[in-house]
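Asks: Input my_file.txt, format and content: compact mmCIF, C-alpha atoms.
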```txt
# COMPACT_ATOMS: atom_id res chain seq x y z
CA MET S 1 0.00 0.00 0.00
CA SER S 2 1.45 3.37 -1.00
CA GLY S 3 0.82 6.72 0.65
CA GLU S 4 -1.44 8.08 -2.06
CA SER S 5 -4.02 5.34 -1.56
CA ILE S 6 -4.28 5.76 2.21
CA ASP S 7 -7.29 7.46 3.76
CA PHE S 8 -5.71 9.64 6.41
CA ASP S 9 -8.76 10.00 8.66
CA ARG S 10 -9.27 6.28 8.68
CA LEU S 11 -5.62 5.72 9.48
CA VAL S 12 -5.85 8.08 12.46
CA LEU S 13 -8.96 6.38 13.78
CA GLU S 14 -7.33 2.96 13.45
CA LEU S 15 -4.02 3.80 15.05
CA LYS S 16 -4.73 6.70 17.40
CA ASP S 17 -5.15 4.57 20.53
CA LYS S 18 -2.04 2.49 19.88
CA VAL S 19 0.04 5.56 19.13
CA PHE S 20 -1.41 7.41 22.09
CA ASN S 21 -0.66 4.51 24.44
CA LEU S 22 2.88 4.25 23.05
CA CYS S 23 3.42 7.97 23.65
CA PHE S 24 1.93 7.80 27.12
CA ARG S 25 4.07 4.85 28.16
CA PHE S 26 7.14 6.44 26.60
CA LEU S 27 6.65 9.87 28.18
CA GLY S 28 4.68 9.01 31.34
CA ASN S 29 2.56 12.13 30.99
CA TYR S 30 -0.93 12.37 29.55
CA GLU S 31 -0.68 15.89 28.14
CA GLU S 32 2.74 15.30 26.66
CA ALA S 33 1.43 12.07 25.16
CA ASP S 34 -1.57 13.89 23.67
CA ASP S 35 0.65 16.55 22.13
CA CYS S 36 3.19 14.03 20.87
CA ALA S 37 0.55 11.75 19.35
CA GLN S 38 -1.01 14.70 17.54
CA GLU S 39 2.39 15.78 16.28
CA THR S 40 3.02 12.23 15.10
CA PHE S 41 -0.11 12.24 12.96
CA VAL S 42 0.62 15.70 11.61
CA LYS S 43 4.00 14.38 10.49
CA VAL S 44 2.30 11.33 9.03
CA TYR S 45 -0.05 13.60 7.09
CA ARG S 46 2.86 15.65 5.74
CA CYS S 47 4.91 12.60 4.75
CA LEU S 48 2.12 10.38 3.55
CA LYS S 49 2.90 11.07 -0.10
CA ASN S 50 6.45 9.87 0.46
CA PHE S 51 5.43 6.57 2.03
CA ARG S 52 6.56 3.89 -0.39
CA GLY S 53 5.02 0.88 1.32
CA ASP S 54 8.33 -0.83 2.19
CA SER S 55 6.95 -1.67 5.61
CA SER S 56 3.47 -1.78 7.01
CA VAL S 57 1.76 1.55 7.59
CA SER S 58 1.44 0.92 11.31
CA THR S 59 5.18 0.20 11.65
CA TRP S 60 5.93 3.36 9.72
CA VAL S 61 3.63 5.35 12.00
CA TYR S 62 5.24 3.73 15.06
CA ARG S 63 8.62 4.79 13.79
CA ILE S 64 7.47 8.40 13.48
CA ALA S 65 5.91 8.21 16.95
CA VAL S 66 9.08 6.78 18.52
CA ASN S 67 11.23 9.48 16.92
CA THR S 68 8.80 12.20 18.01
CA CYS S 69 8.83 10.86 21.57
CA LYS S 70 12.64 10.67 21.59
CA ASN S 71 12.86 14.26 20.39
CA ARG S 72 10.42 15.28 23.08
CA VAL S 73 12.42 13.51 25.79
CA ALA S 74 15.57 15.25 24.54
CA SER S 75 13.92 18.68 24.50
CA ALA S 76 14.91 21.11 27.22
CA GLN S 77 11.31 22.06 27.92
CA TYR S 78 10.36 18.45 28.66
CA ARG S 79 13.35 17.99 30.95
CA ASN S 80 12.52 21.20 32.80
CA ASN S 81 8.93 20.13 33.30
CA ARG S 82 10.06 16.79 34.66
CA ARG S 83 12.67 18.36 36.92
CA ALA S 84 10.15 20.78 38.35
CA ILE S 85 7.96 18.00 39.67
CA ARG S 86 10.62 15.54 40.81
CA LEU S 87 9.57 13.79 43.96
CA ASP S 88 12.51 11.79 45.16
CA GLY S 89 16.23 11.27 44.66
CA PRO S 90 18.13 9.46 41.91
CA VAL S 91 18.15 5.71 41.51
CA ALA S 92 21.39 4.22 42.73
CA ASP S 93 21.86 1.50 40.15
CA GLY S 94 21.77 1.39 36.35
CA GLU S 95 24.12 2.77 33.76
CA ASP S 96 21.94 5.79 33.08
CA GLU S 97 20.98 7.00 36.50
CA ARG S 98 17.74 8.84 36.21
CA PRO S 99 15.54 9.80 39.11
CA PHE S 100 12.18 8.19 39.68
CA GLU S 101 9.67 10.85 38.96
CA ILE S 102 6.07 11.18 38.00
CA GLY S 103 4.47 13.68 35.72
CA ASP S 104 1.89 16.23 36.76
CA GLU S 105 -0.49 14.72 34.26
CA LYS S 106 -4.12 15.62 34.30
CA LEU S 107 -5.34 12.14 33.84
CA SER S 108 -8.05 11.04 31.48
CA PRO S 109 -10.56 8.56 32.89
CA ASP S 110 -8.52 5.69 31.47
CA ALA S 111 -5.26 6.99 32.75
CA ARG S 112 -6.80 7.77 36.12
CA ALA S 113 -7.89 4.16 36.38
CA ASP S 114 -4.35 3.16 35.64
CA ARG S 115 -3.08 5.22 38.44
CA ASN S 116 -3.00 2.59 41.02
CA GLU S 117 0.03 2.06 43.09
CA LYS S 118 1.52 -0.81 41.12
CA GLY S 119 0.82 0.69 37.72
CA GLU S 120 2.41 3.90 38.80
CA LEU S 121 5.52 2.15 40.03
CA ILE S 122 5.86 0.28 36.76
CA GLN S 123 5.46 3.52 34.82
CA LYS S 124 8.10 5.18 36.98
CA ALA S 125 10.44 2.26 36.35
CA ILE S 126 9.88 2.59 32.58
CA ASP S 127 10.49 6.33 32.81
CA SER S 128 13.85 5.67 34.42
CA LEU S 129 15.15 3.77 31.38
CA PRO S 130 17.25 5.37 28.65
CA ALA S 131 15.22 6.37 25.58
CA ASP S 132 16.33 3.46 23.34
CA GLN S 133 15.62 0.84 26.02
CA ARG S 134 12.31 2.50 26.82
CA ALA S 135 11.30 2.34 23.17
CA VAL S 136 12.02 -1.38 22.78
CA VAL S 137 10.35 -2.28 26.10
CA VAL S 138 7.20 -0.33 25.27
CA LEU S 139 7.03 -1.70 21.73
CA ARG S 140 7.72 -5.30 22.70
CA ASP S 141 6.34 -5.85 26.19
CA ILE S 142 3.40 -3.43 26.10
CA GLU S 143 2.45 -3.07 22.43
CA GLY S 144 3.49 -6.64 21.52
CA LEU S 145 5.33 -5.89 18.28
CA SER S 146 7.65 -8.45 16.70
CA TYR S 147 11.41 -7.97 16.80
CA GLU S 148 11.38 -7.19 13.09
CA ASP S 149 8.78 -4.49 13.48
CA ILE S 150 10.62 -3.05 16.47
CA ALA S 151 13.83 -2.98 14.46
CA GLU S 152 11.96 -1.19 11.71
CA ALA S 153 10.32 1.25 14.09
CA THR S 154 13.45 2.11 16.04
CA GLY S 155 15.95 1.99 13.21
CA LEU S 156 18.07 -0.53 15.11
CA ASN S 157 19.09 -3.97 13.89
CA ILE S 158 17.45 -6.99 15.42
CA GLY S 159 20.50 -7.99 17.48
CA THR S 160 20.67 -4.56 19.05
CA VAL S 161 16.95 -4.65 19.72
CA LYS S 162 17.33 -7.94 21.56
CA SER S 163 20.29 -6.82 23.62
CA LYS S 164 18.63 -3.53 24.57
CA LEU S 165 15.45 -5.35 25.43
CA SER S 166 17.33 -7.84 27.59
CA ARG S 167 19.13 -5.06 29.46
CA ALA S 168 15.93 -3.07 29.90
CA ARG S 169 14.02 -6.08 31.20
CA GLN S 170 16.78 -6.91 33.65
CA GLU S 171 16.75 -3.36 34.97
CA LEU S 172 12.98 -3.26 35.26
CA ARG S 173 12.83 -6.61 36.99
CA GLU S 174 15.34 -5.39 39.53
CA LYS S 175 13.40 -2.23 40.14
CA LEU S 176 10.09 -4.03 40.37
CA LYS S 177 11.23 -6.88 42.59
CA GLY S 178 9.21 -5.41 45.46
CA LEU S 179 5.99 -5.99 43.54
CA ALA S 180 6.57 -9.72 43.21
CA MET P 1 25.61 -14.26 36.08
CA GLU P 2 22.56 -12.46 37.35
CA ASP P 3 21.20 -13.08 40.79
CA LYS P 4 17.60 -14.03 40.04
CA ARG P 5 16.61 -13.89 43.69
CA ASP P 6 16.89 -10.07 43.56
CA MET P 7 14.63 -9.75 40.51
CA MET P 8 10.99 -10.05 39.68
CA PRO P 9 10.42 -13.38 37.91
CA GLU P 10 10.34 -12.98 34.15
CA ASP P 11 6.90 -14.47 33.62
CA GLU P 12 5.43 -12.17 36.27
CA TYR P 13 7.21 -9.24 34.75
CA LEU P 14 5.78 -10.03 31.30
CA LYS P 15 2.35 -10.55 32.77
CA ARG P 16 2.39 -7.21 34.56
CA MET P 17 3.71 -5.33 31.56
CA SER P 18 1.15 -6.75 29.19
CA SER P 19 -1.64 -6.14 31.66
CA LEU P 20 -0.92 -2.46 32.01
CA PRO P 21 -4.12 -0.59 31.09
CA LYS P 22 -4.24 0.80 27.57
CA VAL P 23 -4.59 4.55 27.63
CA LYS P 24 -6.94 5.72 24.90
CA ALA P 25 -6.74 8.89 22.89
CA PRO P 26 -9.38 11.56 23.58
CA ASP P 27 -12.55 11.40 21.52
CA ASP P 28 -11.76 14.64 19.70
CA PHE P 29 -8.26 13.46 18.81
CA LEU P 30 -8.87 13.39 15.05
CA GLN P 31 -10.43 16.84 15.15
CA LYS P 32 -7.41 18.21 17.05
CA VAL P 33 -5.05 16.65 14.54
CA ARG P 34 -7.06 18.18 11.71
CA GLU P 35 -6.98 21.60 13.38
CA ARG P 36 -3.25 21.29 13.82
CA ILE P 37 -2.78 20.38 10.19
CA GLU P 38 -4.83 23.41 9.17
CA GLU P 39 -2.93 25.58 11.63
CA ARG P 40 0.48 24.85 10.27
CA PRO P 41 0.29 26.06 6.72
CA PHE P 42 0.32 29.68 7.91
CA ARG P 43 3.80 29.29 9.33
CA GLU P 44 4.85 27.26 6.36
CA LYS P 45 3.30 29.75 3.96
CA LEU P 46 5.20 32.55 5.64
CA MET P 47 8.47 30.66 5.44
CA HIS P 48 7.62 29.71 1.90
CA ALA P 49 6.88 33.28 0.96
CA LEU P 50 10.10 34.48 2.55
CA PHE P 51 12.59 31.87 1.46
CA VAL P 52 11.31 29.70 -1.35
CA PRO P 53 12.85 29.41 -3.90
CA VAL P 54 16.00 30.01 -1.87
CA ARG P 55 18.16 30.71 -4.92
CA ILE P 56 16.03 33.68 -5.85
CA LYS P 57 14.66 34.93 -2.53
CA ILE P 58 17.88 35.02 -0.55
CA PRO P 59 19.84 37.07 -3.14
CA LEU P 60 16.84 39.40 -3.47
CA GLU P 61 16.66 39.85 0.30
CA VAL P 62 20.39 40.40 0.52
CA ALA P 63 20.20 42.97 -2.27
CA ALA P 64 17.28 44.75 -0.61
CA ALA P 65 19.06 44.79 2.74
CA THR P 66 22.24 46.13 1.12
CA ALA P 67 20.31 48.83 -0.74
CA THR P 68 18.56 49.89 2.46
CA LEU P 69 21.87 49.97 4.29
CA LEU P 70 23.47 52.11 1.58
CA LEU P 71 20.48 54.46 1.60
CA VAL P 72 20.70 54.89 5.36
CA ILE P 73 24.46 55.46 5.24
CA SER P 74 24.21 57.99 2.42
CA THR P 75 21.41 59.83 4.22
CA LEU P 76 23.48 59.99 7.38
CA GLU P 77 26.48 61.20 5.42
CA VAL P 78 24.56 64.02 3.75
CA THR P 79 23.06 65.21 7.02
CA LYS P 80 26.48 65.49 8.70
CA PRO P 81 27.35 69.14 9.52
CA ASP P 82 30.56 69.20 7.48
CA LYS P 83 28.73 67.86 4.46
CA GLN P 84 26.06 70.49 4.90
CA LEU P 85 28.78 73.17 4.71
CA ALA P 86 29.88 71.74 1.41
CA TYR P 87 26.48 72.46 0.02
CA ALA P 88 26.07 75.84 1.73
CA PRO P 89 26.87 79.08 -0.12
CA LYS P 90 30.52 80.08 0.02
CA SER P 91 31.59 82.97 2.21
CA ASP P 92 31.90 85.34 -0.71
CA MET P 93 28.42 84.48 -1.73
CA ALA P 94 27.23 84.98 1.83
CA GLU P 95 28.79 88.42 1.90
CA GLU P 96 27.24 89.03 -1.42
CA ALA P 97 23.90 88.05 -0.04
CA VAL P 98 24.37 90.50 2.83
CA VAL P 99 25.42 93.35 0.58
CA GLY P 100 22.42 93.28 -1.64
CA ASN P 101 19.34 91.27 -2.25
CA VAL P 102 18.44 92.73 -5.58
CA SER P 103 19.60 90.53 -8.39
CA ASN P 104 20.73 93.42 -10.57
CA ALA P 105 23.06 94.68 -7.86
CA ARG P 106 24.48 91.25 -7.32
CA LEU P 107 27.18 91.37 -9.99
CA ALA P 108 28.45 94.74 -8.85
CA ASP P 109 28.42 93.59 -5.23
CA THR P 110 30.33 90.50 -6.10
CA GLU P 111 33.02 92.65 -7.67
CA ASP P 112 33.07 94.80 -4.55
CA VAL P 113 33.53 91.78 -2.33
CA LYS P 114 36.38 90.57 -4.51
CA MET P 115 38.04 93.93 -4.35
CA LYS P 116 37.73 94.00 -0.58
CA ARG P 117 39.30 90.60 -0.33
CA MET P 118 42.16 91.64 -2.62
CA GLU P 119 42.67 94.78 -0.53
CA ARG P 120 42.79 92.71 2.62
CA LYS P 121 45.37 90.37 1.09
CA SER P 122 47.32 93.31 -0.16
CA ALA P 123 47.20 94.96 3.27
CA SER P 124 48.50 91.84 4.89
CA ALA P 125 51.34 91.60 2.41
CA GLU P 126 52.13 95.25 2.81
CA ALA P 127 52.09 94.87 6.59
CA ASP P 128 54.62 92.09 6.35
CA GLU P 129 56.79 94.21 4.15
CA PHE P 130 56.30 97.22 6.35
CA CYS P 131 57.10 95.39 9.55
CA LEU P 132 60.16 93.91 7.93
CA LYS P 133 61.36 97.32 6.97
CA CYS P 134 60.55 98.72 10.40
CA GLU P 135 62.14 95.87 12.24
CA LYS P 136 65.05 97.95 13.32
CA ALA P 137 62.92 100.76 14.56
CA ALA P 138 60.20 98.69 16.11
CA PRO P 139 61.32 95.12 16.62
CA SER P 140 58.56 92.53 16.88
CA LEU P 141 55.94 95.14 16.15
CA LYS P 142 53.76 92.81 14.18
CA GLU P 143 54.06 90.01 16.73
CA ARG P 144 53.14 92.38 19.52
CA ILE P 145 50.12 93.63 17.64
CA LEU P 146 48.96 90.12 16.92
CA ALA P 147 49.72 88.90 20.45
CA ALA P 148 47.53 91.66 21.85
CA GLY P 149 44.66 90.51 19.67
CA GLY P 150 45.12 93.27 17.13
CA ARG P 151 44.80 92.98 13.40
CA ILE P 152 46.69 94.99 10.81
CA THR P 153 44.17 96.25 8.33
CA ARG P 154 46.26 98.64 6.31
CA ALA P 155 49.90 99.60 5.93
CA ASP P 156 51.14 102.69 4.16
CA ILE P 157 54.73 103.58 3.84
CA GLY P 158 55.67 107.19 3.29
CA ARG P 159 52.23 108.26 2.36
CA ASP P 160 51.56 110.49 5.30
CA LYS P 161 51.71 114.22 4.71
CA ALA P 162 54.56 114.52 7.17
CA GLY P 163 56.32 111.69 5.41
CA GLU P 164 55.93 109.19 8.21
CA SER P 165 55.17 105.55 7.70
CA TYR P 166 52.15 104.18 9.46
CA ILE P 167 49.92 101.15 9.77
CA ASP P 168 46.28 100.99 10.64
CA VAL P 169 45.37 98.46 13.27
CA GLU P 170 42.09 97.19 14.63
CA VAL P 171 41.96 96.06 18.23
CA PRO P 172 39.08 94.54 20.15
CA ALA P 173 37.84 97.13 22.64
CA ASP P 174 38.15 94.78 25.61
CA ARG P 175 41.83 94.13 24.81
CA TYR P 176 42.76 97.74 24.18
CA GLN P 177 44.55 98.19 27.54
CA ASP P 178 46.52 94.99 27.09
CA PHE P 179 47.43 96.05 23.59
CA MET P 180 48.67 99.44 24.75
CA SER P 181 50.75 97.95 27.55
CA LYS P 182 52.39 95.56 25.10
CA LEU P 183 53.43 98.42 22.84
CA ASN P 184 54.14 100.87 25.64
CA ASP P 185 57.94 100.35 25.78
CA LEU P 186 58.22 101.01 22.07
CA GLN P 187 56.15 104.14 22.48
CA VAL P 188 58.15 105.35 25.47
CA SER P 189 61.41 104.85 23.66
CA GLY P 190 59.99 106.93 20.84
CA LYS P 191 60.19 104.20 18.24
CA ILE P 192 56.51 104.37 17.51
CA ARG P 193 53.71 106.78 18.03
CA ILE P 194 50.22 105.57 18.43
CA MET P 195 47.36 107.72 17.37
CA PRO P 196 44.02 106.37 18.26
CA VAL P 197 41.65 106.97 15.44
CA LEU P 198 38.98 106.73 18.09
CA LYS P 199 36.18 105.80 15.90
CA GLU P 200 34.16 102.68 15.88
CA SER P 201 34.80 100.16 13.23
CA PRO P 202 32.12 100.24 10.58
CA HIS P 203 31.89 96.47 10.83
CA ASP P 204 31.95 96.02 14.58
CA ARG P 205 31.32 98.50 17.39
CA ASN P 206 33.61 96.54 19.72
CA ILE P 207 36.63 97.24 17.58
CA ILE P 208 38.87 100.28 18.03
CA GLN P 209 40.87 101.52 15.08
CA LEU P 210 44.39 102.85 15.67
CA ARG P 211 47.11 104.29 13.50
CA ILE P 212 50.70 103.50 14.47
CA PHE P 213 53.47 105.71 13.15
CA VAL P 214 56.96 104.34 12.98
CA ILE P 215 59.42 107.08 13.77
```
Rewrite the coordinates I just gave you, this time as C-alpha cells.

Replies:
Amino acid sequence: MSGESIDFDRLVLELKDKVFNLCFRFLGNYEEADDCAQETFVKVYRCLKNFRGDSSVSTWVYRIAVNTCKNRVASAQYRNNRRAIRLDGPVADGEDERPFEIGDEKLSPDARADRNEKGELIQKAIDSLPADQRAVVVLRDIEGLSYEDIAEATGLNIGTVKSKLSRARQELREKLKGLA
Amino acid sequence: MEDKRDMMPEDEYLKRMSSLPKVKAPDDFLQKVRERIEERPFREKLMHALFVPVRIKIPLEVAAATATLLLVISTLEVTKPDKQLAYAPKSDMAEEAVVGNVSNARLADTEDVKMKRMERKSASAEADEFCLKCEKAAPSLKERILAAGGRITRADIGRDKAGESYIDVEVPADRYQDFMSKLNDLQVSGKIRIMPVLKESPHDRNIIQLRIFVI
C-alpha cells in the first residue's frame, strides 16, 4: 500500500489509541502524550505522499511516533517540566541513572484508572530507562510488536533490539522486585 | 551471572507489563489533529513566501538589505554638519547676499567683495613688508600687535603728509589696555607713536581703530 491510496482520517482512527498509548508509556505524561501523538499524525499527514510501502503503515507510524517521543524527551522544555515535579532522589543502580519521577499529568478517565500504586511504580520504572531501552520495552512488552517491526520502528538492527530489550528487562525486573 | 533472587520473575514481569491498562486517545483526537494540520500552513506559507525558492529569494533579500543599508548610510552622510557646509553658499556668496538682495546689484556687489578681499590680502602683504622694513625701529611690532589681539588692516609707507610711515590696526575694545601695555615700551622709547583713530569700526562696534606711526 502506498501513501497516495491511504485514507488519512481512517488511518488516524485505526491507530490513534495504539500511538497514544505508546506515547503515554514512553513519556509518562498524559498531556505530553496527547501533544506528541497529535504531532506524530501531523508528520504522518505531511509525509504520507512519500510513504513507499516498504513496511506496514502501522510500523511506519510507530517509527514516526518513537522518533517524536525521543525528540520530546531530549527537549529542554520536557526535561525542565520533569525536573520541576521531581519527587525523590536518583536511583542508585543502572548505567543511566535517572531519578524516579512522576508527571503532573491531568489524567483522562482511562489513565486515572491506571493510576493505582503498582501501575504507577511500573510507569516510573519505565520512565527511568534510557530512551532506546524504553522504546524497545514499550514496543515489545506493552504493544506486543515483533522484533522485526521493532527494528523497523526504532531503526536498530534486530541484534541490538534484543540486547537492549534484555538489558531493559533486567533493569525493570530489579526495580520491580518489590511488587513480586 | 545475574542473581535471580533479587529480581521479579520474568513471567510475572511479562504478565504485569502486558496487563498495564491501555490509555486511549481523547474522543476529539482526530479533530485536534485536523486543526493542527490546518494551523500549520500559515507558518509554512510565511516561510515559503520568505525563502522559497531560496536561490532567488535570498539574493533578493540580501540585495534589498544592502540597498537599504546604503540608503541609510548615504542619508546619514549628507546630514552630517561638514557635508552640509559643502552644500552651503561660500563665504563670498554669503557676503554678497548681505550686501544686496536685488539681483541686478548682485554682480556689482560680487566685484566689490572681490576687491575688498584683494585689498585685505594686499594689506597683509604690505604689513609684512612694512614690519620687515621697520624691524630695526620697532622690533617685533607685528608680533606684539597680533599677540595683543590686534589685526593689521592697512599699511602705508611714506604716504603720510609729514612723510611718516604708518599702519592701521584694529583692536578689540576689551583688549585695548593689554594692547597698549604691550606696545608701551616702544612708544616710550619713541620708536613708535600711536594715534588712536577713536572711531568705531564700521563692521563692529567693539573694535577700536588705531594708526601706528613708525618714527

Asks: Suppose you want the space between CA of Ile212 in chain P and CA of Ser165 in chain P; what is it in Å?

Replies: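 Here the two named atoms are 8.4 Å from each other.
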
Asks: Hey, can you check how far CA of Ile142 in chain S sits from CA of Leu20 in chain P?

Replies: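 Value for the CA of Ile142 in chain S-CA of Leu20 in chain P distance: 7.4 Å.
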
Asks: Select, as an MDAnalysis selection string, those residues of chain S with any atom no more than 9 Å from chain P (distances computed using only C-alpha atoms).

Replies: chainID S and resid 9 12:13 16:22 24:25 30 34 37:39 41:42 45:46 108:111 113:114 119 122 138 141:144 169:180

Asks: Determine, counting all atoms listed in the file, which protein, DNA and RNA residues have an atom within 12 Å of an atom of Arg167 in chain S; residues of the same chain fewer than 3 positions away are not included. Present the result as a ChimeraX atom specification.

Replies: /S:94-96,129-130,132-134,136-137,160-164,170-174 /P:2

Asks: For the atom pair CA of Gly53 in chain S and CA of Asn71 in chain S, what is the interatomic distance in Å to one decimal place?

Replies: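 It comes out at 24.6 Å.
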
Asks: Which residues are near Asp127 in chain S? Cut-off 7 Å, all atoms listed in the file, ignore same chain within fewer than 2 positions. Put them as an MDAnalysis selection string.

Replies: chainID S and resid 27:28 123:125 129

Asks: Quick one: residues within 10 Å of Ser55 in chain S, only C-alpha atoms counted, chain neighbours fewer than 2 positions away excluded, as a PyMOL selection string?

Replies: chain S and resi 1-2+51-53+57-60+149+152-153

Asks: Could you complete range 70-79 of chain P so that it carries all heavy atoms, and give it back as an mmCIF file, keeping the file's coordinate frame?

Replies:
```cif
data_model
loop_
_atom_site.group_PDB
_atom_site.id
_atom_site.type_symbol
_atom_site.label_atom_id
_atom_site.label_comp_id
_atom_site.auth_asym_id
_atom_site.auth_seq_id
_atom_site.Cartn_x
_atom_site.Cartn_y
_atom_site.Cartn_z
ATOM 1 N N LEU P 70 22.783 51.035 2.317
ATOM 2 C CA LEU P 70 23.470 52.110 1.580
ATOM 3 C C LEU P 70 22.677 53.410 1.655
ATOM 4 O O LEU P 70 23.242 54.488 1.823
ATOM 5 C CB LEU P 70 23.677 51.697 0.127
ATOM 6 C CG LEU P 70 24.744 50.623 -0.104
ATOM 7 C CD1 LEU P 70 24.747 50.196 -1.569
ATOM 8 C CD2 LEU P 70 26.124 51.151 0.278
ATOM 9 N N LEU P 71 21.350 53.288 1.534
ATOM 10 C CA LEU P 71 20.480 54.460 1.600
ATOM 11 C C LEU P 71 20.613 55.143 2.951
ATOM 12 O O LEU P 71 20.753 56.375 3.038
ATOM 13 C CB LEU P 71 19.034 54.038 1.348
ATOM 14 C CG LEU P 71 18.021 55.153 1.175
ATOM 15 C CD1 LEU P 71 18.310 55.937 -0.098
ATOM 16 C CD2 LEU P 71 16.613 54.597 1.126
ATOM 17 N N VAL P 72 20.595 54.334 3.999
ATOM 18 C CA VAL P 72 20.700 54.890 5.360
ATOM 19 C C VAL P 72 22.058 55.568 5.526
ATOM 20 O O VAL P 72 22.142 56.705 6.027
ATOM 21 C CB VAL P 72 20.514 53.763 6.399
ATOM 22 C CG1 VAL P 72 20.905 54.245 7.784
ATOM 23 C CG2 VAL P 72 19.073 53.284 6.403
ATOM 24 N N ILE P 73 23.119 54.890 5.078
ATOM 25 C CA ILE P 73 24.460 55.460 5.240
ATOM 26 C C ILE P 73 24.588 56.766 4.458
ATOM 27 O O ILE P 73 25.090 57.759 4.975
ATOM 28 C CB ILE P 73 25.538 54.450 4.772
ATOM 29 C CG1 ILE P 73 25.621 53.296 5.777
ATOM 30 C CG2 ILE P 73 26.896 55.121 4.642
ATOM 31 C CD1 ILE P 73 26.472 52.146 5.314
ATOM 32 N N SER P 74 24.095 56.772 3.219
ATOM 33 C CA SER P 74 24.210 57.990 2.420
ATOM 34 C C SER P 74 23.398 59.121 3.024
ATOM 35 O O SER P 74 23.825 60.277 3.028
ATOM 36 C CB SER P 74 23.788 57.725 0.972
ATOM 37 O OG SER P 74 22.441 57.328 0.948
ATOM 38 N N THR P 75 22.234 58.800 3.575
ATOM 39 C CA THR P 75 21.410 59.830 4.220
ATOM 40 C C THR P 75 22.143 60.416 5.425
ATOM 41 O O THR P 75 22.183 61.637 5.616
ATOM 42 C CB THR P 75 20.068 59.215 4.677
ATOM 43 O OG1 THR P 75 19.457 58.590 3.573
ATOM 44 C CG2 THR P 75 19.138 60.279 5.238
ATOM 45 N N LEU P 76 22.744 59.523 6.209
ATOM 46 C CA LEU P 76 23.480 59.990 7.380
ATOM 47 C C LEU P 76 24.670 60.848 6.979
ATOM 48 O O LEU P 76 24.973 61.850 7.620
ATOM 49 C CB LEU P 76 23.949 58.794 8.218
ATOM 50 C CG LEU P 76 22.839 58.041 8.957
ATOM 51 C CD1 LEU P 76 23.400 56.793 9.624
ATOM 52 C CD2 LEU P 76 22.188 58.929 9.998
ATOM 53 N N GLU P 77 25.325 60.455 5.891
ATOM 54 C CA GLU P 77 26.480 61.200 5.420
ATOM 55 C C GLU P 77 26.084 62.623 5.002
ATOM 56 O O GLU P 77 26.748 63.595 5.349
ATOM 57 C CB GLU P 77 27.132 60.495 4.220
ATOM 58 C CG GLU P 77 28.000 59.319 4.606
ATOM 59 C CD GLU P 77 29.249 59.759 5.333
ATOM 60 O OE1 GLU P 77 29.921 60.674 4.862
ATOM 61 O OE2 GLU P 77 29.536 59.184 6.392
ATOM 62 N N VAL P 78 25.001 62.718 4.258
ATOM 63 C CA VAL P 78 24.560 64.020 3.750
ATOM 64 C C VAL P 78 24.150 64.945 4.885
ATOM 65 O O VAL P 78 24.377 66.149 4.842
ATOM 66 C CB VAL P 78 23.399 63.823 2.739
ATOM 67 C CG1 VAL P 78 22.712 65.137 2.432
ATOM 68 C CG2 VAL P 78 23.934 63.214 1.455
ATOM 69 N N THR P 79 23.547 64.370 5.922
ATOM 70 C CA THR P 79 23.060 65.210 7.020
ATOM 71 C C THR P 79 24.145 65.567 8.020
ATOM 72 O O THR P 79 23.884 66.280 8.975
ATOM 73 C CB THR P 79 21.916 64.494 7.760
ATOM 74 O OG1 THR P 79 22.366 63.200 8.142
ATOM 75 C CG2 THR P 79 20.679 64.369 6.894
#
```
